[in-house]
Amino acid sequence: MRNPTMKLKEPKLGKRVPKALTIDELEMLRDSCTSVLEHALVEFFFATGCRVGDIHKLDRSAIDWQRGCVNVIGKGNKEREVYFGSKARIWLQRYLNHRGDKDAALFVTERKPHRISIHQIEYIFNRIANRSDLQTKISPHKLRHTLATVLLNQGAPLVAVQSILGHEKPETTQLYASLSGTVRQQAYQRYFVQ
């Protein structure tokens, strides 16, 4: 006789809310950058919300300077357009002007320039974090969480943030929607009708 409970699946555990940097922590991270490469990486990761694998694969020819955007190939080999503002543009241009090599990659290693690896990008973030007084773990992915949180807290529609981050399901983006107390209170006061 077969045990009917063998067909049962364990319940899914609740997803944890991704940790993001506060604006103060982001500024501390920015202040801890000491090279144009570090500044360019931090600003570009924050502005685009890209995954480290997306940025690792980018070539400099992919940048659309006029529109402030770039097409990335994300998870599941899906292409999406991501955007960056003036701060990221300035640091990216400084970084590219500073480089003396002809490598096609957007970001290259500092010595013997060639396409920077995912591991090397993570190492650079660790190096910046160690210089800062931040009490939280820093990673390129945390800047992705930070962008999502900032956009939602500023009132960006969930569907727009979903598209920017390249999330397939709205539920994934919804995890970021735990608004700060101040924003929650403002929303309540704005929309509550007695």
# chains A, B, ... in the order shown; residues from 1 in each chain; ligands from 1

$ closest_atom_pairs --of "segment 113-132 of chain A" --to "segment 79-103 of chain A" --cutoff "9 Å" --atoms "only C-alpha atoms" --output "Markdown table"
| residue | atom | partner | partner_atom | distance |
| --- | --- | --- | --- | --- |
| A:Pro113 | CA | A:Asp101 | CA | 6.8 |
| A:His114 | CA | A:Asp103 | CA | 6.3 |
| A:Arg115 | CA | A:Asp103 | CA | 7.5 |

$ residues_around --residues "Tyr123 of chain A" --least-positions-apart "2" --cutoff "12 Å" --atoms "only C-alpha atoms" --output "JSON, numbers by chain"
{"A": [38, 41, 52, 109, 116, 117, 118, 119, 120, 121, 125, 126, 127, 128, 129, 130, 138, 139, 140]}

$ closest_residue --among "A:Gln154, A:Thr22, A:Asn71, A:Asn77" --to "Ile55 of chain A" --atoms "only C-alpha atoms"
A:Asn71

$ residues_around --residues "Leu26 of chain A" --least-positions-apart "4" --cutoff "10 Å" --atoms "only C-alpha atoms" --output "ChimeraX atom specification"
/A:20-22,30-32,42-43,46,134,143,146

$ write_last_selection --atoms "N, CA and C atoms" --output "PDB file, in the first residue's frame"
ATOM      1  N   ALA A  20      17.669  46.862   1.661  1.00  0.00           N
ATOM      2  CA  ALA A  20      18.170  47.952   0.827  1.00  0.00           C
ATOM      3  C   ALA A  20      18.956  48.920   1.704  1.00  0.00           C
ATOM      4  N   LEU A  21      19.786  49.716   1.060  1.00  0.00           N
ATOM      5  CA  LEU A  21      20.512  50.759   1.767  1.00  0.00           C
ATOM      6  C   LEU A  21      19.588  51.955   1.975  1.00  0.00           C
ATOM      7  N   THR A  22      19.787  52.656   3.060  1.00  0.00           N
ATOM      8  CA  THR A  22      19.100  53.932   3.240  1.00  0.00           C
ATOM      9  C   THR A  22      19.842  54.952   2.369  1.00  0.00           C
ATOM     10  N   ARG A  30      29.135  55.945  -1.388  1.00  0.00           N
ATOM     11  CA  ARG A  30      29.688  56.827  -2.422  1.00  0.00           C
ATOM     12  C   ARG A  30      30.941  57.537  -1.913  1.00  0.00           C
ATOM     13  N   ASP A  31      30.886  58.032  -0.675  1.00  0.00           N
ATOM     14  CA  ASP A  31      32.026  58.748  -0.096  1.00  0.00           C
ATOM     15  C   ASP A  31      33.247  57.849   0.107  1.00  0.00           C
ATOM     16  N   SER A  32      33.032  56.546   0.177  1.00  0.00           N
ATOM     17  CA  SER A  32      34.136  55.605   0.402  1.00  0.00           C
ATOM     18  C   SER A  32      34.833  55.181  -0.884  1.00  0.00           C
ATOM     19  N   VAL A  42      29.618  51.921  -8.638  1.00  0.00           N
ATOM     20  CA  VAL A  42      28.563  52.192  -7.653  1.00  0.00           C
ATOM     21  C   VAL A  42      27.417  52.962  -8.304  1.00  0.00           C
ATOM     22  N   GLU A  43      27.736  54.013  -9.032  1.00  0.00           N
ATOM     23  CA  GLU A  43      26.687  54.831  -9.651  1.00  0.00           C
ATOM     24  C   GLU A  43      25.916  54.059 -10.717  1.00  0.00           C
ATOM     25  N   PHE A  46      23.642  51.388  -9.053  1.00  0.00           N
ATOM     26  CA  PHE A  46      22.485  51.998  -8.407  1.00  0.00           C
ATOM     27  C   PHE A  46      21.495  52.539  -9.434  1.00  0.00           C
ATOM     28  N   LEU A 134      29.904  51.522   7.277  1.00  0.00           N
ATOM     29  CA  LEU A 134      28.606  50.862   7.202  1.00  0.00           C
ATOM     30  C   LEU A 134      28.610  49.573   8.019  1.00  0.00           C
ATOM     31  N   LEU A 143      22.443  47.251  -4.206  1.00  0.00           N
ATOM     32  CA  LEU A 143      22.114  48.500  -4.903  1.00  0.00           C
ATOM     33  C   LEU A 143      20.877  48.315  -5.774  1.00  0.00           C
ATOM     34  N   THR A 146      18.119  48.697  -3.450  1.00  0.00           N
ATOM     35  CA  THR A 146      18.016  50.100  -3.074  1.00  0.00           C
ATOM     36  C   THR A 146      17.278  50.892  -4.148  1.00  0.00           C
TER      37      THR A 146
END

$ closest_residue --among "A:Arg51, A:Arg111, A:Lys142, A:His39" --to "His167 of chain A" --atoms "only C-alpha atoms"
A:Arg51

$ select_by_dssp --residues "chain A" --states "helix (DSSP H, G or I)" --output "ChimeraX atom specification"
/A:4-7,23-31,36-48,52-56,60-62,75-77,86-98,118-131,140-153,158-165,170-177,181-191

$ atom_distance --atom1 "atom CA of Ser61 of chain A" --atom2 "atom CA of Glu122 of chain A"
23.4 Å

$ closest_residue --among "A:Lys137, A:Asn3, A:Lys112, A:Ile164" --to "Cys69 of chain A" --atoms "only C-alpha atoms"
A:Ile164

$ atom_distance --atom1 "atom CA of His56 of chain A" --atom2 "atom CA of Arg131 of chain A"
23.4 Å

$ closest_residue --among "A:Leu158, A:Leu165, A:Ile124, A:Leu175" --to "Cys33 of chain A" --atoms "only C-alpha atoms"
A:Ile124

$ select_by_dssp --residues "segment 9-191 of chain A" --states "strand (DSSP E)" --output "VMD selection string"
chain A and resid 63 to 64 69 to 73 79 to 83

$ write_last_selection --atoms "all heavy atoms" --output "mmCIF file, in the first residue's frame"
data_model
loop_
_atom_site.group_PDB
_atom_site.id
_atom_site.type_symbol
_atom_site.label_atom_id
_atom_site.label_comp_id
_atom_site.auth_asym_id
_atom_site.auth_seq_id
_atom_site.Cartn_x
_atom_site.Cartn_y
_atom_site.Cartn_z
ATOM 1 N N ILE A 63 26.269 51.423 -24.855
ATOM 2 C CA ILE A 63 25.730 52.587 -24.145
ATOM 3 C C ILE A 63 25.123 53.586 -25.132
ATOM 4 O O ILE A 63 25.760 53.989 -26.089
ATOM 5 C CB ILE A 63 26.839 53.302 -23.335
ATOM 6 C CG1 ILE A 63 27.469 52.358 -22.313
ATOM 7 C CG2 ILE A 63 26.294 54.566 -22.664
ATOM 8 C CD1 ILE A 63 26.581 51.976 -21.169
ATOM 9 N N ASP A 64 23.887 53.972 -24.891
ATOM 10 C CA ASP A 64 23.226 55.027 -25.658
ATOM 11 C C ASP A 64 23.321 56.290 -24.814
ATOM 12 O O ASP A 64 22.512 56.521 -23.910
ATOM 13 C CB ASP A 64 21.767 54.654 -25.930
ATOM 14 C CG ASP A 64 21.041 55.675 -26.794
ATOM 15 O OD1 ASP A 64 21.473 56.853 -26.836
ATOM 16 O OD2 ASP A 64 20.021 55.306 -27.410
ATOM 17 N N CYS A 69 20.639 55.231 -21.667
ATOM 18 C CA CYS A 69 20.137 53.872 -21.476
ATOM 19 C C CYS A 69 21.092 52.852 -22.108
ATOM 20 O O CYS A 69 22.004 53.204 -22.845
ATOM 21 C CB CYS A 69 18.737 53.722 -22.049
ATOM 22 S SG CYS A 69 18.642 53.889 -23.838
ATOM 23 N N VAL A 70 20.832 51.602 -21.811
ATOM 24 C CA VAL A 70 21.594 50.496 -22.379
ATOM 25 C C VAL A 70 20.695 49.259 -22.358
ATOM 26 O O VAL A 70 19.863 49.103 -21.466
ATOM 27 C CB VAL A 70 22.910 50.260 -21.580
ATOM 28 C CG1 VAL A 70 22.636 49.864 -20.147
ATOM 29 C CG2 VAL A 70 23.792 49.226 -22.264
ATOM 30 N N ASN A 71 20.826 48.418 -23.372
ATOM 31 C CA ASN A 71 20.105 47.143 -23.390
ATOM 32 C C ASN A 71 20.963 46.088 -22.728
ATOM 33 O O ASN A 71 22.142 45.950 -23.064
ATOM 34 C CB ASN A 71 19.772 46.719 -24.822
ATOM 35 C CG ASN A 71 18.639 47.530 -25.405
ATOM 36 O OD1 ASN A 71 17.771 48.006 -24.689
ATOM 37 N ND2 ASN A 71 18.644 47.702 -26.707
ATOM 38 N N VAL A 72 20.367 45.365 -21.788
ATOM 39 C CA VAL A 72 21.085 44.290 -21.111
ATOM 40 C C VAL A 72 20.367 42.971 -21.363
ATOM 41 O O VAL A 72 19.159 42.944 -21.577
ATOM 42 C CB VAL A 72 21.217 44.537 -19.586
ATOM 43 C CG1 VAL A 72 22.042 45.774 -19.291
ATOM 44 C CG2 VAL A 72 19.865 44.630 -18.914
ATOM 45 N N ILE A 73 21.140 41.912 -21.354
ATOM 46 C CA ILE A 73 20.575 40.566 -21.442
ATOM 47 C C ILE A 73 20.536 40.037 -20.017
ATOM 48 O O ILE A 73 21.563 39.773 -19.406
ATOM 49 C CB ILE A 73 21.433 39.634 -22.335
ATOM 50 C CG1 ILE A 73 21.705 40.260 -23.702
ATOM 51 C CG2 ILE A 73 20.782 38.256 -22.442
ATOM 52 C CD1 ILE A 73 20.494 40.485 -24.558
ATOM 53 N N GLU A 79 16.113 40.277 -22.975
ATOM 54 C CA GLU A 79 16.690 41.603 -23.176
ATOM 55 C C GLU A 79 15.744 42.660 -22.632
ATOM 56 O O GLU A 79 14.536 42.580 -22.797
ATOM 57 C CB GLU A 79 16.944 41.849 -24.664
ATOM 58 C CG GLU A 79 17.687 43.132 -24.941
ATOM 59 C CD GLU A 79 18.067 43.301 -26.406
ATOM 60 O OE1 GLU A 79 18.095 42.304 -27.140
ATOM 61 O OE2 GLU A 79 18.327 44.443 -26.797
ATOM 62 N N ARG A 80 16.324 43.656 -21.958
ATOM 63 C CA ARG A 80 15.528 44.786 -21.479
ATOM 64 C C ARG A 80 16.387 46.046 -21.517
ATOM 65 O O ARG A 80 17.606 45.983 -21.480
ATOM 66 C CB ARG A 80 14.956 44.538 -20.089
ATOM 67 C CG ARG A 80 15.945 44.642 -18.965
ATOM 68 C CD ARG A 80 15.283 44.347 -17.616
ATOM 69 N NE ARG A 80 16.146 44.672 -16.508
ATOM 70 C CZ ARG A 80 17.187 43.964 -16.111
ATOM 71 N NH1 ARG A 80 17.512 42.862 -16.752
ATOM 72 N NH2 ARG A 80 17.916 44.338 -15.075
ATOM 73 N N GLU A 81 15.704 47.171 -21.593
ATOM 74 C CA GLU A 81 16.381 48.454 -21.610
ATOM 75 C C GLU A 81 16.403 48.998 -20.186
ATOM 76 O O GLU A 81 15.387 49.011 -19.509
ATOM 77 C CB GLU A 81 15.619 49.414 -22.526
ATOM 78 C CG GLU A 81 16.331 50.700 -22.823
ATOM 79 C CD GLU A 81 15.601 51.527 -23.881
ATOM 80 O OE1 GLU A 81 14.516 52.065 -23.576
ATOM 81 O OE2 GLU A 81 16.119 51.603 -25.005
ATOM 82 N N VAL A 82 17.595 49.416 -19.737
ATOM 83 C CA VAL A 82 17.728 50.034 -18.414
ATOM 84 C C VAL A 82 18.265 51.447 -18.598
ATOM 85 O O VAL A 82 18.887 51.758 -19.619
ATOM 86 C CB VAL A 82 18.633 49.216 -17.471
ATOM 87 C CG1 VAL A 82 18.018 47.865 -17.157
ATOM 88 C CG2 VAL A 82 20.028 49.058 -18.035
ATOM 89 N N TYR A 83 18.038 52.278 -17.610
ATOM 90 C CA TYR A 83 18.340 53.694 -17.728
ATOM 91 C C TYR A 83 19.320 54.137 -16.649
ATOM 92 O O TYR A 83 19.449 53.491 -15.611
ATOM 93 C CB TYR A 83 17.043 54.508 -17.628
ATOM 94 C CG TYR A 83 16.000 53.969 -18.567
ATOM 95 C CD1 TYR A 83 15.049 53.058 -18.126
ATOM 96 C CD2 TYR A 83 16.014 54.313 -19.907
ATOM 97 C CE1 TYR A 83 14.126 52.513 -19.011
ATOM 98 C CE2 TYR A 83 15.093 53.785 -20.789
ATOM 99 C CZ TYR A 83 14.153 52.874 -20.337
ATOM 100 O OH TYR A 83 13.254 52.328 -21.200
#

$ atom_distance --atom1 "atom CA of His141 of chain A" --atom2 "atom CA of Asp54 of chain A"
11.2 Å
